[in-house]
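Text of protein_12.pdb, listed as PDB, C-alpha atoms:
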```pdb
MODEL        1
ATOM      1  CA  MET A  57     -19.945 -65.389  15.481  1.00  0.00           C
ATOM      2  CA  LYS A  58     -18.487 -67.699  12.835  1.00  0.00           C
ATOM      3  CA  LYS A  59     -19.951 -65.534  10.031  1.00  0.00           C
ATOM      4  CA  PHE A  60     -18.435 -62.430  11.582  1.00  0.00           C
ATOM      5  CA  ASN A  61     -14.931 -64.008  11.667  1.00  0.00           C
ATOM      6  CA  ILE A  62     -15.226 -65.078   8.028  1.00  0.00           C
ATOM      7  CA  LEU A  63     -16.319 -61.550   6.977  1.00  0.00           C
ATOM      8  CA  LEU A  64     -13.472 -59.997   8.939  1.00  0.00           C
ATOM      9  CA  ILE A  65     -10.879 -62.315   7.370  1.00  0.00           C
ATOM     10  CA  ALA A  66     -12.317 -61.668   3.877  1.00  0.00           C
ATOM     11  CA  THR A  67     -12.191 -57.893   4.376  1.00  0.00           C
ATOM     12  CA  VAL A  68      -8.583 -58.020   5.584  1.00  0.00           C
ATOM     13  CA  LEU A  69      -7.610 -60.243   2.617  1.00  0.00           C
ATOM     14  CA  ILE A  70      -9.237 -57.881   0.084  1.00  0.00           C
ATOM     15  CA  ALA A  71      -7.521 -54.870   1.678  1.00  0.00           C
ATOM     16  CA  ALA A  72      -4.131 -56.644   1.656  1.00  0.00           C
ATOM     17  CA  ILE A  73      -4.480 -57.710  -2.006  1.00  0.00           C
ATOM     18  CA  THR A  74      -5.522 -54.158  -3.026  1.00  0.00           C
ATOM     19  CA  TYR A  75      -2.547 -52.732  -1.149  1.00  0.00           C
ATOM     20  CA  LEU A  76      -0.118 -55.165  -2.840  1.00  0.00           C
ATOM     21  CA  PHE A  77      -1.475 -54.351  -6.324  1.00  0.00           C
ATOM     22  CA  ALA A  78      -1.199 -50.612  -5.668  1.00  0.00           C
ATOM     23  CA  LEU A  79       2.340 -51.022  -4.329  1.00  0.00           C
ATOM     24  CA  ARG A  80       3.382 -53.082  -7.375  1.00  0.00           C
ATOM     25  CA  ARG A  81       1.895 -50.531  -9.794  1.00  0.00           C
ATOM     26  CA  CYS A  82       3.642 -47.596  -8.086  1.00  0.00           C
ATOM     27  CA  ALA A  83       6.954 -49.479  -8.155  1.00  0.00           C
ATOM     28  CA  GLN A  84       6.636 -50.031 -11.925  1.00  0.00           C
ATOM     29  CA  GLU A  85       5.518 -46.522 -12.935  1.00  0.00           C
ATOM     30  CA  GLY A  86       6.890 -44.442 -10.075  1.00  0.00           C
ATOM     31  CA  ILE A  87       5.205 -41.483  -8.463  1.00  0.00           C
ATOM     32  CA  LYS A  88       5.838 -37.984  -9.812  1.00  0.00           C
ATOM     33  CA  ILE A  89       5.235 -34.885  -7.817  1.00  0.00           C
ATOM     34  CA  GLU A  90       5.588 -31.638  -9.736  1.00  0.00           C
ATOM     35  CA  ARG A  91       5.504 -28.172  -8.282  1.00  0.00           C
ATOM     36  CA  ASN A  92       4.811 -25.168 -10.453  1.00  0.00           C
ATOM     37  CA  GLU A  93       5.306 -21.879  -8.614  1.00  0.00           C
ATOM     38  CA  GLU A  94       4.775 -19.687 -11.655  1.00  0.00           C
ATOM     39  CA  ILE A  95       1.498 -17.846 -11.799  1.00  0.00           C
ATOM     40  CA  LYS A  96       0.330 -17.131 -15.300  1.00  0.00           C
ATOM     41  CA  SER A  97      -0.496 -13.464 -15.545  1.00  0.00           C
ATOM     42  CA  THR A  98      -3.389 -12.250 -17.579  1.00  0.00           C
ATOM     43  CA  PRO A  99      -4.165  -8.718 -18.716  1.00  0.00           C
ATOM     44  CA  ASN A 100      -7.089  -8.777 -16.260  1.00  0.00           C
ATOM     45  CA  ILE A 101      -4.727  -8.987 -13.263  1.00  0.00           C
ATOM     46  CA  VAL A 102      -2.808  -5.926 -14.408  1.00  0.00           C
ATOM     47  CA  THR A 103      -6.044  -4.072 -15.199  1.00  0.00           C
ATOM     48  CA  GLU A 104      -7.429  -4.786 -11.725  1.00  0.00           C
ATOM     49  CA  VAL A 105      -4.646  -2.671 -10.188  1.00  0.00           C
ATOM     50  CA  LYS A 106      -6.614   0.387 -11.304  1.00  0.00           C
ATOM     51  CA  LYS A 107      -9.451  -0.575  -8.970  1.00  0.00           C
ATOM     52  CA  ILE A 108      -7.247  -0.269  -5.879  1.00  0.00           C
ATOM     53  CA  GLY A 109      -8.190   3.383  -5.439  1.00  0.00           C
ATOM     54  CA  LYS A 110      -5.645   5.442  -3.575  1.00  0.00           C
ATOM     55  CA  TRP A 111      -2.330   3.674  -3.120  1.00  0.00           C
ATOM     56  CA  GLU A 112      -0.171   5.258  -0.397  1.00  0.00           C
ATOM     57  CA  PHE A 113       3.620   5.053  -0.684  1.00  0.00           C
ATOM     58  CA  LEU A 114       4.817   7.458   2.023  1.00  0.00           C
ATOM     59  CA  SER A 115       3.239   8.852   5.177  1.00  0.00           C
ATOM     60  CA  ILE A 116       4.987  11.611   7.122  1.00  0.00           C
ATOM     61  CA  LYS A 117       3.877  13.002  10.469  1.00  0.00           C
ATOM     62  CA  ILE A 118       4.814  16.659  10.603  1.00  0.00           C
ATOM     63  CA  GLU A 119       4.448  19.524  13.059  1.00  0.00           C
ATOM     64  CA  GLU A 120       4.882  23.260  12.783  1.00  0.00           C
ATOM     65  CA  LEU A 121       5.117  26.015  15.386  1.00  0.00           C
ATOM     66  CA  VAL A 122       3.349  29.213  14.325  1.00  0.00           C
ATOM     67  CA  ASP A 123       3.046  32.416  16.291  1.00  0.00           C
ATOM     68  CA  THR A 124       1.522  35.811  15.772  1.00  0.00           C
ATOM     69  CA  THR A 125       1.357  39.141  17.540  1.00  0.00           C
ATOM     70  CA  LYS A 126      -0.945  42.118  17.239  1.00  0.00           C
ATOM     71  CA  GLY A 127      -1.308  45.451  18.872  1.00  0.00           C
ATOM     72  CA  VAL A 128       1.082  48.377  19.286  1.00  0.00           C
ATOM     73  CA  LEU A 129       1.425  49.277  22.920  1.00  0.00           C
ATOM     74  CA  PHE A 130       0.252  46.093  24.610  1.00  0.00           C
ATOM     75  CA  LYS A 131       1.036  43.250  22.229  1.00  0.00           C
ATOM     76  CA  ASP A 132      -1.234  40.251  22.146  1.00  0.00           C
ATOM     77  CA  LYS A 133       0.676  37.043  21.451  1.00  0.00           C
ATOM     78  CA  LEU A 134      -0.451  33.615  20.319  1.00  0.00           C
ATOM     79  CA  SER A 135       1.718  30.560  19.655  1.00  0.00           C
ATOM     80  CA  ALA A 136       0.431  27.158  18.573  1.00  0.00           C
ATOM     81  CA  ILE A 137       1.840  23.852  17.362  1.00  0.00           C
ATOM     82  CA  TYR A 138      -0.009  22.346  14.409  1.00  0.00           C
ATOM     83  CA  TYR A 139       0.194  18.643  13.604  1.00  0.00           C
ATOM     84  CA  GLY A 140      -0.514  16.868  10.360  1.00  0.00           C
ATOM     85  CA  THR A 141       0.125  13.724   8.356  1.00  0.00           C
ATOM     86  CA  LEU A 142       1.198  14.080   4.745  1.00  0.00           C
ATOM     87  CA  ARG A 143       0.230  11.021   2.715  1.00  0.00           C
ATOM     88  CA  TYR A 144       1.852  10.708  -0.697  1.00  0.00           C
ATOM     89  CA  GLY A 145       0.682   8.212  -3.241  1.00  0.00           C
ATOM     90  CA  ILE A 146      -1.156   7.551  -6.476  1.00  0.00           C
ATOM     91  CA  ASP A 147      -4.874   7.917  -7.039  1.00  0.00           C
ATOM     92  CA  CYS A 148      -5.320   4.928  -9.344  1.00  0.00           C
ATOM     93  CA  SER A 149      -8.738   6.100 -10.499  1.00  0.00           C
ATOM     94  CA  LYS A 150      -7.096   9.122 -12.132  1.00  0.00           C
ATOM     95  CA  ALA A 151      -4.526   7.031 -14.015  1.00  0.00           C
ATOM     96  CA  GLU A 152      -4.622   6.794 -17.799  1.00  0.00           C
ATOM     97  CA  ASN A 153      -6.032   3.644 -19.376  1.00  0.00           C
ATOM     98  CA  ASP A 154      -2.624   2.494 -20.592  1.00  0.00           C
ATOM     99  CA  TRP A 155      -0.603   3.075 -17.431  1.00  0.00           C
ATOM    100  CA  PHE A 156      -0.001  -0.698 -17.342  1.00  0.00           C
ATOM    101  CA  THR A 157       0.499  -2.530 -20.596  1.00  0.00           C
ATOM    102  CA  GLN A 158       1.671  -6.077 -21.073  1.00  0.00           C
ATOM    103  CA  SER A 159       3.629  -7.596 -23.924  1.00  0.00           C
ATOM    104  CA  GLY A 160       4.517 -11.252 -23.469  1.00  0.00           C
ATOM    105  CA  ASP A 161       6.121 -11.684 -20.057  1.00  0.00           C
ATOM    106  CA  THR A 162       6.957  -7.969 -19.703  1.00  0.00           C
ATOM    107  CA  VAL A 163       4.819  -5.287 -18.096  1.00  0.00           C
ATOM    108  CA  TYR A 164       5.396  -1.665 -19.046  1.00  0.00           C
ATOM    109  CA  ALA A 165       4.337   0.775 -16.335  1.00  0.00           C
ATOM    110  CA  ARG A 166       3.774   4.483 -16.842  1.00  0.00           C
ATOM    111  CA  LEU A 167       3.134   5.665 -13.303  1.00  0.00           C
ATOM    112  CA  PRO A 168       1.114   8.793 -12.658  1.00  0.00           C
ATOM    113  CA  GLU A 169       2.874  11.468 -10.676  1.00  0.00           C
ATOM    114  CA  VAL A 170       2.807  10.901  -6.940  1.00  0.00           C
ATOM    115  CA  SER A 171       0.835  13.573  -5.114  1.00  0.00           C
ATOM    116  CA  LEU A 172      -0.789  14.302  -1.775  1.00  0.00           C
ATOM    117  CA  LEU A 173      -3.694  11.915  -1.383  1.00  0.00           C
ATOM    118  CA  ASP A 174      -5.544  14.261   0.955  1.00  0.00           C
ATOM    119  CA  ASP A 175      -5.377  18.060   0.877  1.00  0.00           C
ATOM    120  CA  TYR A 176      -6.836  18.176   4.394  1.00  0.00           C
ATOM    121  CA  PHE A 177      -3.863  16.672   6.192  1.00  0.00           C
ATOM    122  CA  LEU A 178      -3.886  19.002   9.193  1.00  0.00           C
ATOM    123  CA  ASP A 179      -5.147  17.451  12.436  1.00  0.00           C
ATOM    124  CA  GLU A 180      -6.860  20.488  13.934  1.00  0.00           C
ATOM    125  CA  ALA A 181      -8.025  18.540  16.967  1.00  0.00           C
ATOM    126  CA  ALA A 182      -4.390  17.939  17.934  1.00  0.00           C
ATOM    127  CA  THR A 183      -3.398  21.610  17.620  1.00  0.00           C
ATOM    128  CA  THR A 184      -1.828  22.759  20.867  1.00  0.00           C
ATOM    129  CA  THR A 185      -1.774  26.365  22.027  1.00  0.00           C
ATOM    130  CA  VAL A 186       1.626  26.970  23.585  1.00  0.00           C
ATOM    131  CA  PHE A 187       1.192  30.586  24.637  1.00  0.00           C
ATOM    132  CA  ALA A 188      -1.760  32.947  24.500  1.00  0.00           C
ATOM    133  CA  SER A 189      -2.140  36.479  25.819  1.00  0.00           C
ATOM    134  CA  GLY A 190      -4.833  38.878  24.699  1.00  0.00           C
ATOM    135  CA  SER A 191      -7.679  38.119  22.362  1.00  0.00           C
ATOM    136  CA  PHE A 192      -7.640  36.735  18.846  1.00  0.00           C
ATOM    137  CA  THR A 193     -10.404  36.406  16.311  1.00  0.00           C
ATOM    138  CA  SER A 194     -11.285  33.342  14.240  1.00  0.00           C
ATOM    139  CA  ASP A 195      -9.676  35.132  11.256  1.00  0.00           C
ATOM    140  CA  ASP A 196      -6.392  35.373  13.193  1.00  0.00           C
ATOM    141  CA  ARG A 197      -6.528  31.651  13.952  1.00  0.00           C
ATOM    142  CA  ARG A 198      -7.435  30.816  10.324  1.00  0.00           C
ATOM    143  CA  ASP A 199      -4.422  32.843   9.120  1.00  0.00           C
ATOM    144  CA  MET A 200      -2.170  30.925  11.521  1.00  0.00           C
ATOM    145  CA  ARG A 201      -3.598  27.589  10.307  1.00  0.00           C
ATOM    146  CA  GLU A 202      -2.982  28.577   6.667  1.00  0.00           C
ATOM    147  CA  ARG A 203       0.588  29.623   7.491  1.00  0.00           C
ATOM    148  CA  ALA A 204       1.146  26.251   9.199  1.00  0.00           C
ATOM    149  CA  ILE A 205      -0.160  24.375   6.145  1.00  0.00           C
ATOM    150  CA  LYS A 206       2.028  26.438   3.812  1.00  0.00           C
ATOM    151  CA  ARG A 207       5.140  25.851   5.941  1.00  0.00           C
ATOM    152  CA  MET A 208       4.445  22.103   6.171  1.00  0.00           C
ATOM    153  CA  LEU A 209       4.161  21.844   2.387  1.00  0.00           C
ATOM    154  CA  GLU A 210       7.341  23.896   1.915  1.00  0.00           C
ATOM    155  CA  LYS A 211       9.186  21.691   4.421  1.00  0.00           C
ATOM    156  CA  SER A 212       7.923  18.595   2.599  1.00  0.00           C
ATOM    157  CA  GLU A 213       9.171  19.910  -0.728  1.00  0.00           C
ATOM    158  CA  LYS A 214      12.541  20.890   0.747  1.00  0.00           C
ATOM    159  CA  MET A 215      12.998  17.431   2.317  1.00  0.00           C
ATOM    160  CA  GLY A 216      12.168  15.664  -0.968  1.00  0.00           C
ATOM    161  CA  TYR A 217       9.294  13.571   0.387  1.00  0.00           C
ATOM    162  CA  LYS A 218       7.476  13.511  -2.941  1.00  0.00           C
ATOM    163  CA  GLU A 219      10.541  12.113  -4.746  1.00  0.00           C
ATOM    164  CA  THR A 220      11.007   9.512  -2.014  1.00  0.00           C
ATOM    165  CA  ALA A 221       7.363   8.491  -2.439  1.00  0.00           C
ATOM    166  CA  GLN A 222       7.880   8.147  -6.224  1.00  0.00           C
ATOM    167  CA  GLU A 223      10.805   5.771  -5.628  1.00  0.00           C
ATOM    168  CA  ASN A 224       8.768   3.833  -3.052  1.00  0.00           C
ATOM    169  CA  ALA A 225       5.994   3.539  -5.630  1.00  0.00           C
ATOM    170  CA  LYS A 226       8.348   1.890  -8.123  1.00  0.00           C
ATOM    171  CA  GLU A 227       9.657  -0.514  -5.478  1.00  0.00           C
ATOM    172  CA  GLN A 228       6.223  -1.509  -4.154  1.00  0.00           C
ATOM    173  CA  ILE A 229       4.691  -1.928  -7.610  1.00  0.00           C
ATOM    174  CA  THR A 230       7.676  -4.053  -8.672  1.00  0.00           C
ATOM    175  CA  ILE A 231       7.205  -6.326  -5.634  1.00  0.00           C
ATOM    176  CA  PHE A 232       3.446  -6.505  -6.232  1.00  0.00           C
ATOM    177  CA  LEU A 233       3.838  -7.501  -9.883  1.00  0.00           C
ATOM    178  CA  GLN A 234       6.608 -10.000  -9.097  1.00  0.00           C
ATOM    179  CA  GLN A 235       4.299 -11.697  -6.600  1.00  0.00           C
ATOM    180  CA  LEU A 236       1.828 -12.079  -9.455  1.00  0.00           C
ATOM    181  CA  GLY A 237       4.528 -13.950 -11.376  1.00  0.00           C
ATOM    182  CA  ILE A 238       5.622 -11.125 -13.669  1.00  0.00           C
ATOM    183  CA  LYS A 239       9.381 -11.157 -13.922  1.00  0.00           C
ATOM    184  CA  ASN A 240      10.110  -8.243 -16.269  1.00  0.00           C
ATOM    185  CA  ILE A 241       8.864  -4.799 -15.284  1.00  0.00           C
ATOM    186  CA  VAL A 242       9.875  -1.686 -17.200  1.00  0.00           C
ATOM    187  CA  PHE A 243       9.009   1.773 -15.853  1.00  0.00           C
ATOM    188  CA  MET A 244       8.479   4.369 -18.547  1.00  0.00           C
ATOM    189  CA  ASP A 245       9.104   7.896 -17.281  1.00  0.00           C
TER     190      ASP A 245
ENDMDL
END
```
Output the file's structure as structure tokens, nothing else.
Amino acid sequence: MKKFNILLIATVLIAAITYLFALRRCAQEGIKIERNEEIKSTPNIVTEVKKIGKWEFLSIKIEELVDTTKGVLFKDKLSAIYYGTLRYGIDCSKAENDWFTQSGDTVYARLPEVSLLDDYFLDEAATTTVFASGSFTSDDRRDMRERAIKRMLEKSEKMGYKETAQENAKEQITIFLQQLGIKNIVFMD
């Protein structure tokens, strides 16, 4: 038991002496803590943006009521509501090689034109027949579907969704690049 007490006292003494030396050294030199929040950007980071694929900047749910009639004496009538989701964005794989260039701490961005990311935006499963009397062929229904698509695209153009998506693209890309530590972003139109 005597050996154990001696070992315990020796261990405590060594720990205390080590602590005092460390404390004295820190008091002489001081402790510095530096924080660097800047991320150094490399051309690889900017180049990797191209690998994102399709980058969506605006999604609009849209619906359109379309009706048709046929017949002379006894008119057959059909009315349906078509639903769709227009997704505007940039297909990064179709962008030119120099759509992002970097010079020093400035990135120059030449964004491709925003477009519909999917031409098949109509949700045919959600189509609701509002009124139907008589008989209609698959050609009649196809014509109604095509009219609905055309009207949805016209409505989208009239409302300026594509332009809104282009502005959203600039805002989101600016935020993305700033989070990578790039402070100066210039959009070349």
Could you tell me which residues the PyMOL selection byres ((chain A and resi 195-197) around 10) returns for this structure, as an mmCIF file with C-alpha atoms, in the frame of the given file?
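Written output follows (part.cif):
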```cif
data_model
loop_
_atom_site.group_PDB
_atom_site.id
_atom_site.type_symbol
_atom_site.label_atom_id
_atom_site.label_comp_id
_atom_site.auth_asym_id
_atom_site.auth_seq_id
_atom_site.Cartn_x
_atom_site.Cartn_y
_atom_site.Cartn_z
ATOM 1 C CA ASP A 123 3.046 32.416 16.291
ATOM 2 C CA THR A 124 1.522 35.811 15.772
ATOM 3 C CA THR A 125 1.357 39.141 17.540
ATOM 4 C CA LYS A 126 -0.945 42.118 17.239
ATOM 5 C CA LEU A 134 -0.451 33.615 20.319
ATOM 6 C CA ALA A 136 0.431 27.158 18.573
ATOM 7 C CA SER A 191 -7.679 38.119 22.362
ATOM 8 C CA PHE A 192 -7.640 36.735 18.846
ATOM 9 C CA THR A 193 -10.404 36.406 16.311
ATOM 10 C CA SER A 194 -11.285 33.342 14.240
ATOM 11 C CA ARG A 198 -7.435 30.816 10.324
ATOM 12 C CA ASP A 199 -4.422 32.843 9.120
ATOM 13 C CA MET A 200 -2.170 30.925 11.521
ATOM 14 C CA ARG A 201 -3.598 27.589 10.307
ATOM 15 C CA GLU A 202 -2.982 28.577 6.667
ATOM 16 C CA ARG A 203 0.588 29.623 7.491
#
```
Tell me which of A:Ile70, A:Ile238, A:Ile229, A:Met208 sits closest to A:Gly145, counting all atoms listed in the file.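 Ranking A:Ile70, A:Ile238, A:Ile229, A:Met208 by distance to A:Gly145, first place goes to A:Ile229.
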Distance criterion (only C-alpha atoms): nearest to A:Val122 out of A:Ser212, A:Thr185, A:Thr230, A:Thr162: A:Thr185
What is the distance between atom CA of A:Asp174 and atom CA of A:Glu227, in Å to one decimal?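 We find that atom CA of A:Asp174 and atom CA of A:Glu227 lie 22.2 Å from each other.
Residues matched by the PyMOL selection byres ((chain A and resi 142) around 8) in this file: A:Ser115, A:Ile116, A:Lys117, A:Ile118, A:Gly140, A:Thr141, A:Arg143, A:Tyr144, A:Leu172, A:Asp174, A:Phe177.
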Quick check, in Å to one decimal: how far apart do atom CA of A:Arg80 and atom CA of A:Ile65 lie? 22.5 Å
Can you fill out stretch 213-239 of chain A with N, CA and C atoms and hand it back as a PDB file, in the coordinates of the input?
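In the end it all went to result.pdb:
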```pdb
ATOM      1  N   GLU A 213       8.491  19.757   0.565  1.00  0.00           N
ATOM      2  CA  GLU A 213       9.171  19.910  -0.728  1.00  0.00           C
ATOM      3  C   GLU A 213      10.685  19.989  -0.535  1.00  0.00           C
ATOM      4  N   LYS A 214      11.110  20.735   0.465  1.00  0.00           N
ATOM      5  CA  LYS A 214      12.541  20.890   0.747  1.00  0.00           C
ATOM      6  C   LYS A 214      13.187  19.551   1.125  1.00  0.00           C
ATOM      7  N   MET A 215      12.463  18.721   1.872  1.00  0.00           N
ATOM      8  CA  MET A 215      12.998  17.431   2.317  1.00  0.00           C
ATOM      9  C   MET A 215      12.932  16.360   1.224  1.00  0.00           C
ATOM     10  N   GLY A 216      12.227  16.620   0.139  1.00  0.00           N
ATOM     11  CA  GLY A 216      12.168  15.664  -0.968  1.00  0.00           C
ATOM     12  C   GLY A 216      11.246  14.481  -0.722  1.00  0.00           C
ATOM     13  N   TYR A 217      10.201  14.677   0.074  1.00  0.00           N
ATOM     14  CA  TYR A 217       9.294  13.571   0.387  1.00  0.00           C
ATOM     15  C   TYR A 217       8.572  13.045  -0.852  1.00  0.00           C
ATOM     16  N   LYS A 218       8.211  13.930  -1.743  1.00  0.00           N
ATOM     17  CA  LYS A 218       7.476  13.511  -2.941  1.00  0.00           C
ATOM     18  C   LYS A 218       8.346  12.590  -3.806  1.00  0.00           C
ATOM     19  N   GLU A 219       9.623  12.936  -3.955  1.00  0.00           N
ATOM     20  CA  GLU A 219      10.541  12.113  -4.746  1.00  0.00           C
ATOM     21  C   GLU A 219      10.759  10.755  -4.081  1.00  0.00           C
ATOM     22  N   THR A 220      10.862  10.770  -2.753  1.00  0.00           N
ATOM     23  CA  THR A 220      11.007   9.512  -2.014  1.00  0.00           C
ATOM     24  C   THR A 220       9.781   8.628  -2.233  1.00  0.00           C
ATOM     25  N   ALA A 221       8.604   9.242  -2.211  1.00  0.00           N
ATOM     26  CA  ALA A 221       7.363   8.491  -2.439  1.00  0.00           C
ATOM     27  C   ALA A 221       7.329   7.905  -3.845  1.00  0.00           C
ATOM     28  N   GLN A 222       7.845   8.639  -4.840  1.00  0.00           N
ATOM     29  CA  GLN A 222       7.880   8.147  -6.224  1.00  0.00           C
ATOM     30  C   GLN A 222       8.780   6.908  -6.320  1.00  0.00           C
ATOM     31  N   GLU A 223       9.912   6.940  -5.637  1.00  0.00           N
ATOM     32  CA  GLU A 223      10.805   5.771  -5.628  1.00  0.00           C
ATOM     33  C   GLU A 223      10.157   4.596  -4.895  1.00  0.00           C
ATOM     34  N   ASN A 224       9.487   4.885  -3.776  1.00  0.00           N
ATOM     35  CA  ASN A 224       8.768   3.833  -3.052  1.00  0.00           C
ATOM     36  C   ASN A 224       7.689   3.209  -3.928  1.00  0.00           C
ATOM     37  N   ALA A 225       7.042   4.035  -4.736  1.00  0.00           N
ATOM     38  CA  ALA A 225       5.994   3.539  -5.630  1.00  0.00           C
ATOM     39  C   ALA A 225       6.576   2.510  -6.602  1.00  0.00           C
ATOM     40  N   LYS A 226       7.720   2.833  -7.185  1.00  0.00           N
ATOM     41  CA  LYS A 226       8.348   1.890  -8.123  1.00  0.00           C
ATOM     42  C   LYS A 226       8.713   0.582  -7.422  1.00  0.00           C
ATOM     43  N   GLU A 227       9.265   0.688  -6.219  1.00  0.00           N
ATOM     44  CA  GLU A 227       9.657  -0.514  -5.478  1.00  0.00           C
ATOM     45  C   GLU A 227       8.449  -1.371  -5.121  1.00  0.00           C
ATOM     46  N   GLN A 228       7.398  -0.743  -4.591  1.00  0.00           N
ATOM     47  CA  GLN A 228       6.223  -1.509  -4.154  1.00  0.00           C
ATOM     48  C   GLN A 228       5.470  -2.121  -5.334  1.00  0.00           C
ATOM     49  N   ILE A 229       5.384  -1.385  -6.436  1.00  0.00           N
ATOM     50  CA  ILE A 229       4.691  -1.928  -7.610  1.00  0.00           C
ATOM     51  C   ILE A 229       5.496  -3.071  -8.205  1.00  0.00           C
ATOM     52  N   THR A 230       6.820  -2.962  -8.196  1.00  0.00           N
ATOM     53  CA  THR A 230       7.676  -4.053  -8.672  1.00  0.00           C
ATOM     54  C   THR A 230       7.435  -5.315  -7.842  1.00  0.00           C
ATOM     55  N   ILE A 231       7.436  -5.175  -6.523  1.00  0.00           N
ATOM     56  CA  ILE A 231       7.205  -6.326  -5.634  1.00  0.00           C
ATOM     57  C   ILE A 231       5.821  -6.910  -5.880  1.00  0.00           C
ATOM     58  N   PHE A 232       4.818  -6.055  -6.003  1.00  0.00           N
ATOM     59  CA  PHE A 232       3.446  -6.505  -6.232  1.00  0.00           C
ATOM     60  C   PHE A 232       3.350  -7.313  -7.529  1.00  0.00           C
ATOM     61  N   LEU A 233       3.920  -6.800  -8.592  1.00  0.00           N
ATOM     62  CA  LEU A 233       3.838  -7.501  -9.883  1.00  0.00           C
ATOM     63  C   LEU A 233       4.665  -8.791  -9.876  1.00  0.00           C
ATOM     64  N   GLN A 234       5.803  -8.782  -9.187  1.00  0.00           N
ATOM     65  CA  GLN A 234       6.608 -10.000  -9.097  1.00  0.00           C
ATOM     66  C   GLN A 234       5.857 -11.089  -8.336  1.00  0.00           C
ATOM     67  N   GLN A 235       5.088 -10.707  -7.338  1.00  0.00           N
ATOM     68  CA  GLN A 235       4.299 -11.697  -6.600  1.00  0.00           C
ATOM     69  C   GLN A 235       3.188 -12.278  -7.461  1.00  0.00           C
ATOM     70  N   LEU A 236       2.810 -11.558  -8.509  1.00  0.00           N
ATOM     71  CA  LEU A 236       1.828 -12.079  -9.455  1.00  0.00           C
ATOM     72  C   LEU A 236       2.486 -12.963 -10.519  1.00  0.00           C
ATOM     73  N   GLY A 237       3.815 -13.093 -10.440  1.00  0.00           N
ATOM     74  CA  GLY A 237       4.528 -13.950 -11.376  1.00  0.00           C
ATOM     75  C   GLY A 237       5.134 -13.218 -12.554  1.00  0.00           C
ATOM     76  N   ILE A 238       5.045 -11.914 -12.568  1.00  0.00           N
ATOM     77  CA  ILE A 238       5.622 -11.125 -13.669  1.00  0.00           C
ATOM     78  C   ILE A 238       7.075 -10.850 -13.333  1.00  0.00           C
ATOM     79  N   LYS A 239       7.950 -11.270 -14.209  1.00  0.00           N
ATOM     80  CA  LYS A 239       9.381 -11.157 -13.922  1.00  0.00           C
ATOM     81  C   LYS A 239      10.002  -9.881 -14.483  1.00  0.00           C
TER      82      LYS A 239
END
```
